[in-house]
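The structure file upload37.cif is reproduced below (mmCIF, C-alpha atoms).
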data_query
loop_
_atom_site.label_atom_id
_atom_site.label_comp_id
_atom_site.auth_asym_id
_atom_site.auth_seq_id
_atom_site.Cartn_x
_atom_site.Cartn_y
_atom_site.Cartn_z
CA MET A 1 -26.72 -83.07 31.06
CA THR A 2 -25.33 -80.64 28.51
CA ALA A 3 -22.82 -78.16 29.90
CA ALA A 4 -23.74 -74.50 29.63
CA VAL A 5 -22.08 -72.85 26.65
CA HIS A 6 -20.28 -69.60 27.41
CA ARG A 7 -21.29 -66.81 25.04
CA PRO A 8 -18.87 -63.85 25.28
CA GLY A 9 -21.31 -61.68 23.33
CA ARG A 10 -23.90 -61.97 26.09
CA THR A 11 -21.64 -60.86 28.94
CA LEU A 12 -21.84 -57.37 30.46
CA ARG A 13 -24.96 -56.42 28.53
CA PHE A 14 -25.56 -52.79 27.63
CA GLY A 15 -28.93 -52.59 29.40
CA ALA A 16 -27.58 -54.00 32.66
CA GLU A 17 -24.53 -51.74 32.62
CA PHE A 18 -26.63 -48.70 31.71
CA ALA A 19 -29.03 -49.37 34.59
CA ARG A 20 -26.16 -49.94 37.00
CA GLN A 21 -24.54 -46.64 36.09
CA LEU A 22 -27.88 -44.87 36.58
CA THR A 23 -27.94 -45.98 40.22
CA ARG A 24 -24.61 -44.28 40.90
CA ARG A 25 -24.74 -41.00 42.78
CA ARG A 26 -22.37 -39.20 40.40
CA THR A 27 -24.66 -39.97 37.45
CA GLN A 28 -27.73 -38.69 39.28
CA ILE A 29 -25.97 -35.52 40.45
CA ALA A 30 -24.52 -34.74 37.01
CA LEU A 31 -27.85 -35.18 35.20
CA GLY A 32 -29.73 -33.39 37.97
CA PHE A 33 -27.45 -30.37 37.75
CA LEU A 34 -28.01 -30.14 33.99
CA VAL A 35 -31.74 -29.92 34.71
CA VAL A 36 -31.36 -27.37 37.49
CA LEU A 37 -28.91 -25.07 35.65
CA PRO A 38 -31.43 -23.63 33.14
CA LEU A 39 -33.89 -23.03 35.97
CA ILE A 40 -31.22 -21.13 37.90
CA LEU A 41 -30.45 -19.04 34.83
CA VAL A 42 -34.14 -18.26 34.30
CA ALA A 43 -34.44 -17.12 37.92
CA ALA A 44 -31.31 -15.00 37.58
CA PHE A 45 -32.61 -13.26 34.44
CA LYS A 46 -36.04 -12.74 35.96
CA ILE A 47 -34.50 -11.07 38.99
CA GLY A 48 -31.84 -9.07 37.20
CA VAL A 49 -33.21 -7.87 33.82
CA PRO A 50 -35.62 -4.97 33.12
CA ASP A 51 -39.16 -5.54 31.92
CA ASP A 52 -38.19 -4.86 28.30
CA PRO A 53 -35.40 -7.31 27.43
CA ASP A 54 -36.08 -7.00 23.67
CA SER A 55 -34.46 -3.56 23.66
CA ALA A 56 -31.04 -5.13 22.96
CA GLN A 57 -29.44 -3.75 19.79
CA GLU A 58 -27.11 -5.10 17.11
CA GLY A 59 -23.78 -6.11 18.57
CA SER A 60 -25.28 -7.16 21.89
CA SER A 61 -23.79 -10.18 23.62
CA LEU A 62 -25.50 -13.55 23.87
CA ALA A 63 -26.29 -12.70 27.50
CA ASP A 64 -28.03 -9.46 26.45
CA LEU A 65 -30.15 -11.38 23.95
CA ALA A 66 -30.87 -14.37 26.20
CA THR A 67 -34.31 -13.14 27.27
CA SER A 68 -35.51 -12.30 23.77
CA SER A 69 -37.06 -15.75 23.27
CA GLY A 70 -36.84 -19.36 24.32
CA ALA A 71 -34.45 -20.01 21.42
CA ASN A 72 -32.12 -17.24 22.54
CA PHE A 73 -32.18 -18.51 26.11
CA THR A 74 -31.36 -22.04 24.92
CA LEU A 75 -28.45 -20.75 22.85
CA PHE A 76 -27.09 -18.82 25.83
CA SER A 77 -27.42 -21.88 28.11
CA ILE A 78 -25.49 -24.00 25.61
CA TYR A 79 -22.81 -21.33 25.29
CA VAL A 80 -22.14 -20.97 29.02
CA ALA A 81 -22.23 -24.73 29.62
CA SER A 82 -20.10 -25.83 26.66
CA SER A 83 -16.93 -24.12 27.83
CA PHE A 84 -16.57 -26.12 31.05
CA LEU A 85 -19.65 -27.87 32.47
CA LEU A 86 -20.31 -30.18 29.52
CA LEU A 87 -16.59 -30.88 29.31
CA VAL A 88 -16.58 -32.09 32.92
CA VAL A 89 -19.74 -34.17 32.43
CA VAL A 90 -18.36 -35.99 29.39
CA ALA A 91 -15.01 -36.56 31.13
CA LEU A 92 -16.89 -37.89 34.17
CA PHE A 93 -19.04 -40.39 32.28
CA CYS A 94 -16.18 -41.70 30.14
CA GLY A 95 -13.28 -41.39 32.58
CA ASP A 96 -14.96 -42.97 35.59
CA THR A 97 -15.74 -46.26 33.87
CA VAL A 98 -12.82 -48.68 33.92
CA ALA A 99 -10.91 -46.79 36.64
CA SER A 100 -13.82 -47.04 39.07
CA GLU A 101 -13.97 -50.82 38.63
CA ALA A 102 -10.23 -50.99 39.30
CA SER A 103 -10.51 -48.79 42.40
CA TRP A 104 -13.27 -51.03 43.80
CA GLY A 105 -11.24 -54.16 43.07
CA THR A 106 -13.97 -55.57 40.80
CA LEU A 107 -12.19 -55.26 37.46
CA ARG A 108 -10.34 -58.56 37.75
CA TYR A 109 -13.58 -60.32 38.74
CA LEU A 110 -15.34 -58.97 35.66
CA LEU A 111 -12.57 -60.33 33.47
CA ALA A 112 -12.71 -63.64 35.33
CA SER A 113 -16.49 -63.97 34.69
CA PRO A 114 -15.19 -64.20 31.93
CA VAL A 115 -15.83 -60.95 30.05
CA PRO A 116 -13.46 -60.52 27.08
CA ARG A 117 -11.28 -57.45 27.49
CA GLY A 118 -12.31 -55.97 24.19
CA ARG A 119 -16.00 -56.38 25.00
CA LEU A 120 -15.55 -54.85 28.45
CA LEU A 121 -13.95 -51.77 26.92
CA ARG A 122 -16.60 -51.54 24.22
CA GLN A 123 -19.51 -51.84 26.63
CA LYS A 124 -18.02 -49.40 29.14
CA LEU A 125 -17.29 -46.85 26.42
CA THR A 126 -20.72 -47.27 24.79
CA VAL A 127 -22.51 -46.66 28.08
CA GLY A 128 -20.29 -43.67 28.84
CA LEU A 129 -20.98 -42.15 25.42
CA ALA A 130 -24.70 -42.88 25.78
CA TYR A 131 -24.88 -40.95 29.04
CA SER A 132 -22.75 -38.16 27.55
CA GLY A 133 -25.11 -37.89 24.58
CA PHE A 134 -28.13 -37.90 26.86
CA ALA A 135 -26.59 -35.13 28.97
CA LEU A 136 -25.85 -33.04 25.87
CA ALA A 137 -29.48 -33.39 24.75
CA LEU A 138 -30.93 -32.89 28.23
CA LEU A 139 -29.53 -29.42 28.83
CA PRO A 140 -30.90 -27.70 25.68
CA THR A 141 -34.21 -29.54 26.01
CA VAL A 142 -34.78 -28.27 29.54
CA ALA A 143 -33.46 -24.83 28.55
CA MET A 144 -35.86 -24.62 25.61
CA ILE A 145 -38.87 -25.58 27.74
CA ALA A 146 -37.92 -23.27 30.61
CA GLY A 147 -36.91 -20.42 28.28
CA THR A 148 -40.11 -20.63 26.24
CA LEU A 149 -42.27 -20.63 29.36
CA ALA A 150 -40.34 -17.68 30.81
CA PHE A 151 -39.60 -15.56 27.74
CA GLY A 152 -42.02 -16.78 25.07
CA TRP A 153 -41.78 -18.55 21.73
CA GLY A 154 -40.22 -16.40 19.06
CA PRO A 155 -37.44 -15.99 16.51
CA LEU A 156 -33.77 -16.31 17.38
CA ARG A 157 -32.24 -12.85 17.49
CA THR A 158 -28.55 -12.91 16.52
CA GLN A 159 -25.75 -10.57 17.49
CA LEU A 160 -25.80 -9.24 13.93
CA GLY A 161 -29.34 -7.97 14.39
CA VAL A 162 -30.84 -10.69 12.17
CA ASP A 163 -33.92 -12.61 13.31
CA ILE A 164 -34.01 -16.32 12.45
CA PRO A 165 -37.55 -17.84 12.42
CA ALA A 166 -38.23 -20.05 15.42
CA THR A 167 -38.58 -23.30 13.46
CA GLU A 168 -35.34 -22.67 11.57
CA ALA A 169 -33.67 -21.68 14.83
CA LEU A 170 -34.57 -25.06 16.31
CA GLY A 171 -32.74 -26.79 13.48
CA ARG A 172 -29.66 -24.63 14.00
CA ILE A 173 -29.66 -25.28 17.73
CA VAL A 174 -29.81 -29.03 17.06
CA LEU A 175 -26.85 -28.69 14.67
CA ALA A 176 -24.97 -26.72 17.33
CA VAL A 177 -25.54 -29.46 19.91
CA VAL A 178 -24.46 -32.15 17.44
CA TYR A 179 -21.29 -30.22 16.63
CA ILE A 180 -20.49 -29.69 20.32
CA ALA A 181 -21.00 -33.43 20.86
CA VAL A 182 -18.51 -34.18 18.08
CA THR A 183 -15.91 -31.73 19.43
CA LEU A 184 -16.24 -33.32 22.89
CA LEU A 185 -15.51 -36.80 21.55
CA PRO A 186 -11.73 -36.29 22.06
CA VAL A 187 -12.47 -35.46 25.71
CA ALA A 188 -14.32 -38.75 25.99
CA GLY A 189 -11.49 -40.59 24.26
CA LEU A 190 -8.79 -38.98 26.40
CA ALA A 191 -10.70 -39.59 29.64
CA PHE A 192 -11.31 -43.20 28.62
CA TYR A 193 -7.63 -43.70 27.81
CA LEU A 194 -6.62 -42.29 31.19
CA SER A 195 -9.26 -44.51 32.79
CA VAL A 196 -7.47 -47.65 31.62
CA ARG A 197 -4.13 -46.23 32.72
CA THR A 198 -5.01 -45.54 36.36
CA ASP A 199 -6.91 -47.02 39.28
CA ALA A 200 -8.01 -43.54 40.42
CA PRO A 201 -11.23 -42.32 38.73
CA LEU A 202 -10.58 -38.75 39.86
CA GLY A 203 -7.19 -38.88 38.19
CA ALA A 204 -8.72 -39.93 34.85
CA VAL A 205 -11.49 -37.34 34.95
CA GLY A 206 -9.31 -34.54 36.33
CA GLY A 207 -6.47 -35.34 33.96
CA ALA A 208 -8.70 -35.07 30.89
CA VAL A 209 -10.24 -31.80 32.09
CA MET A 210 -6.84 -30.32 32.98
CA LEU A 211 -5.30 -31.19 29.62
CA TRP A 212 -8.29 -29.64 27.86
CA ILE A 213 -7.93 -26.46 29.90
CA ILE A 214 -4.24 -26.32 29.01
CA SER A 215 -5.16 -26.69 25.33
CA ASN A 216 -7.61 -23.79 25.68
CA ILE A 217 -4.91 -21.65 27.27
CA LEU A 218 -2.42 -22.47 24.51
CA GLU A 219 -5.07 -21.69 21.90
CA ALA A 220 -5.15 -18.13 23.25
CA VAL A 221 -1.38 -17.71 22.78
CA THR A 222 -1.21 -15.94 19.43
CA ALA A 223 2.59 -16.34 19.32
CA LEU A 224 2.03 -20.01 18.42
CA GLY A 225 0.64 -18.90 15.07
CA ASP A 226 -0.55 -21.68 12.77
CA LEU A 227 0.43 -24.32 15.32
CA ARG A 228 -2.78 -23.52 17.20
CA ALA A 229 -4.70 -25.23 14.41
CA LEU A 230 -3.31 -28.54 15.70
CA LEU A 231 -4.85 -28.07 19.15
CA PRO A 232 -8.01 -30.13 19.79
CA THR A 233 -9.79 -27.08 21.20
CA ARG A 234 -9.04 -24.81 18.23
CA TYR A 235 -12.50 -25.06 16.67
CA GLY A 236 -14.53 -25.54 19.86
CA THR A 237 -16.68 -22.44 19.30
CA ALA A 238 -17.00 -22.79 15.53
CA TRP A 239 -20.70 -23.67 16.04
CA LEU A 240 -21.37 -19.96 16.57
CA SER A 241 -21.09 -19.62 12.78
CA LEU A 242 -24.55 -21.19 12.68
CA LEU A 243 -25.86 -17.76 13.68
CA SER A 244 -24.70 -16.22 10.43
CA SER A 245 -26.69 -16.10 7.21
CA PRO A 246 -25.59 -17.88 5.13
CA ILE A 247 -23.96 -20.38 7.47
CA GLU A 248 -20.16 -20.52 7.21
CA ALA A 249 -19.35 -24.16 7.86
CA GLU A 250 -15.64 -24.29 6.94
CA ASP A 251 -14.35 -24.13 10.52
CA MET A 252 -17.01 -26.60 11.67
CA VAL A 253 -15.81 -29.13 9.09
CA LYS A 254 -12.22 -28.64 10.23
CA GLY A 255 -13.29 -29.01 13.85
CA ALA A 256 -15.17 -32.24 13.14
CA VAL A 257 -12.25 -33.76 11.23
CA SER A 258 -9.83 -32.79 14.02
CA ALA A 259 -12.15 -34.24 16.67
CA VAL A 260 -12.51 -37.57 14.87
CA ALA A 261 -8.74 -37.81 14.38
CA TYR A 262 -7.92 -37.14 18.04
CA THR A 263 -10.67 -39.48 19.24
CA THR A 264 -9.36 -42.29 17.04
CA VAL A 265 -5.85 -41.89 18.44
CA PHE A 266 -6.98 -41.81 22.08
CA LEU A 267 -9.26 -44.84 21.74
CA ALA A 268 -6.62 -46.81 19.85
CA LEU A 269 -4.17 -46.10 22.68
CA ALA A 270 -6.77 -47.17 25.24
CA TRP A 271 -7.38 -50.49 23.48
CA TRP A 272 -3.68 -51.11 22.93
CA ARG A 273 -2.88 -50.41 26.58
CA PHE A 274 -5.74 -52.37 28.16
CA LEU A 275 -5.36 -55.50 26.04
CA ARG A 276 -1.75 -55.75 27.23
CA LYS A 277 -2.22 -54.53 30.79
CA ASP A 278 -1.65 -56.74 33.84
CA ILE A 279 -4.93 -56.52 35.79
CA VAL A 280 -4.23 -56.79 39.51
CA SER A 281 -7.13 -54.77 40.92
#
As structure tokens - that is how I would like this structure written.
Amino acid sequence: MTAAVHRPGRTLRFGAEFARQLTRRRTQIALGFLVVLPLILVAAFKIGVPDDPDSAQEGSSLADLATSSGANFTLFSIYVASSFLLLVVVALFCGDTVASEASWGTLRYLLASPVPRGRLLRQKLTVGLAYSGFALALLPTVAMIAGTLAFGWGPLRTQLGVDIPATEALGRIVLAVVYIAVTLLPVAGLAFYLSVRTDAPLGAVGGAVMLWIISNILEAVTALGDLRALLPTRYGTAWLSLLSSPIEAEDMVKGAVSAVAYTTVFLALAWWRFLRKDIVS
């Protein structure tokens, strides 16, 4: 009888890991909240705004314009969620991967299966990024559907008093979501790095969120001058330039380059640390 040949490339398959993560309560709660949030916002606007929400003038805030159309409501939902909620969701999906296995005492058994360390990291990170990407697409999708049903299909009204046709607005909203996804990649990388450093999932997730909050605070300190450009959160809201005509993409390009650089560093540190780490849990 021929002995079974071990194929490292067939261990810890993406589909199996993706399905396993879907059964976890934290995944279900996080995705469920992203669905419920736009519905809560719709209810809040329906209760609190007058019957003529289109009376907002030039210079109005995104909240004032949120009920002008489904596109405006989607933009407002993205804006309020991107500053903290989406940050936490990405940190959760990418920071609770390796650390959770260590906390359960199953990490050493995975490696003894045997799953190569590099493949384990790659599969865990890929699934975490997949769920993060799905979450980032889920929120605006639900917001667009709920906002259109509640406030109608129409052009995107900007704070400058310019109306962007609905079809063009959809394209700009997609670009905004893609840019936010790119700027959140360092959060994923940092959370993943902390995940291989600790056996406490909450420590990895909370550490990434806390460091990002500190970066946001430092970004507001004008005394730092040009040094603020080095902070990973410096260009976090650059996607708002998509509301201008023509679009000013300079800060978005800088933000994307900065995000890729930070992500590369964090992931390289994660790989370097884990491949040399003594796994005892």
Quiz prompt | stretch 116-133 of chain A environment, 6 Å, only C-alpha atoms, sequence neighbours closer than 5 positions dropped, as a count of residues only | solution = 4
Quiz prompt | Between atom CA of A:Val196 and atom CA of A:Val98 - distance in Å to one decimal | solution = 5.9 Å
Exercise. Might you pull out every residue within 6 Å of A:Ala99, with all atoms listed in the file counted and same-chain residues fewer than 6 positions away left off, and present them as a list in words?
Key: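 Here the answer would be Ser195, Asp199, Ala200 and Pro201 of chain A.
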With C-alpha atoms retained, could you export that selection as a compact mmCIF listing (two decimals), in the coordinates of the input?
# COMPACT_ATOMS: atom_id res chain seq x y z
CA SER A 195 -9.26 -44.51 32.79
CA ASP A 199 -6.91 -47.02 39.28
CA ALA A 200 -8.01 -43.54 40.42
CA PRO A 201 -11.23 -42.32 38.73
Practice problem: With the file shown as input, list the residues that the PyMOL selection byres ((chain A and resi 268) around 12) selects, as a ChimeraX atom specification. | Solution: /A:118,121-122,186,189-190,192-193,196,261-267,269-275
Quiz item: Which residues match the PyMOL selection byres ((chain A and resi 208-221) around 9) in the file above, as a list of chain:residue names?
Solution: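 Those residues are A:Phe84, A:Leu87, A:Val88, A:Ala91, A:Gly95, A:Val187, A:Ala188, A:Leu190, A:Ala191, A:Phe192, A:Leu194, A:Gly203, A:Ala204, A:Val205, A:Gly206, A:Gly207, A:Thr222, A:Ala223, A:Leu224, A:Gly225, A:Leu227, A:Arg228, A:Ala229, A:Leu231, A:Pro232, A:Thr233, A:Arg234.
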Return as lines of an AutoDock Vina configuration file the box centre and box size in Å, one decimal, for an axis-aligned box around all listed atoms of stretch 272-276 of chain A padded by 5 Å per side.
center_x = -3.7
center_y = -53.1
center_z = 25.5
size_x = 14.0
size_y = 15.3
size_z = 15.2
Self-check item: Output of the PyMOL selection byres ((chain A and resi 179) around 12), listed as a PyMOL selection string
Solution: chain A and resi 78+82+133+136-137+172-178+180-185+235-242+249+251-257+259-260
Quiz item: At what distance in Å, to one decimal, does atom CA of A:Ile145 lie from atom CA of A:Ala169?
Solution: 14.5 Å
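Between atom CA of A:Leu75 and atom CA of A:Ile47 the separation is 19.8 Å.
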Practice problem: For each of A:Asp64, A:Ser258, A:Leu34, A:Thr27, take the minimum atom-to-atom distance to A:Gly48, counting only C-alpha atoms, then give the residue where this is smallest. | Solution: A:Asp64
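Proximity to A:Gly171 was assessed for A:Leu139, A:Leu243, A:Ala44, A:Val115 counting only C-alpha atoms; the smallest distance is recorded for A:Leu243.
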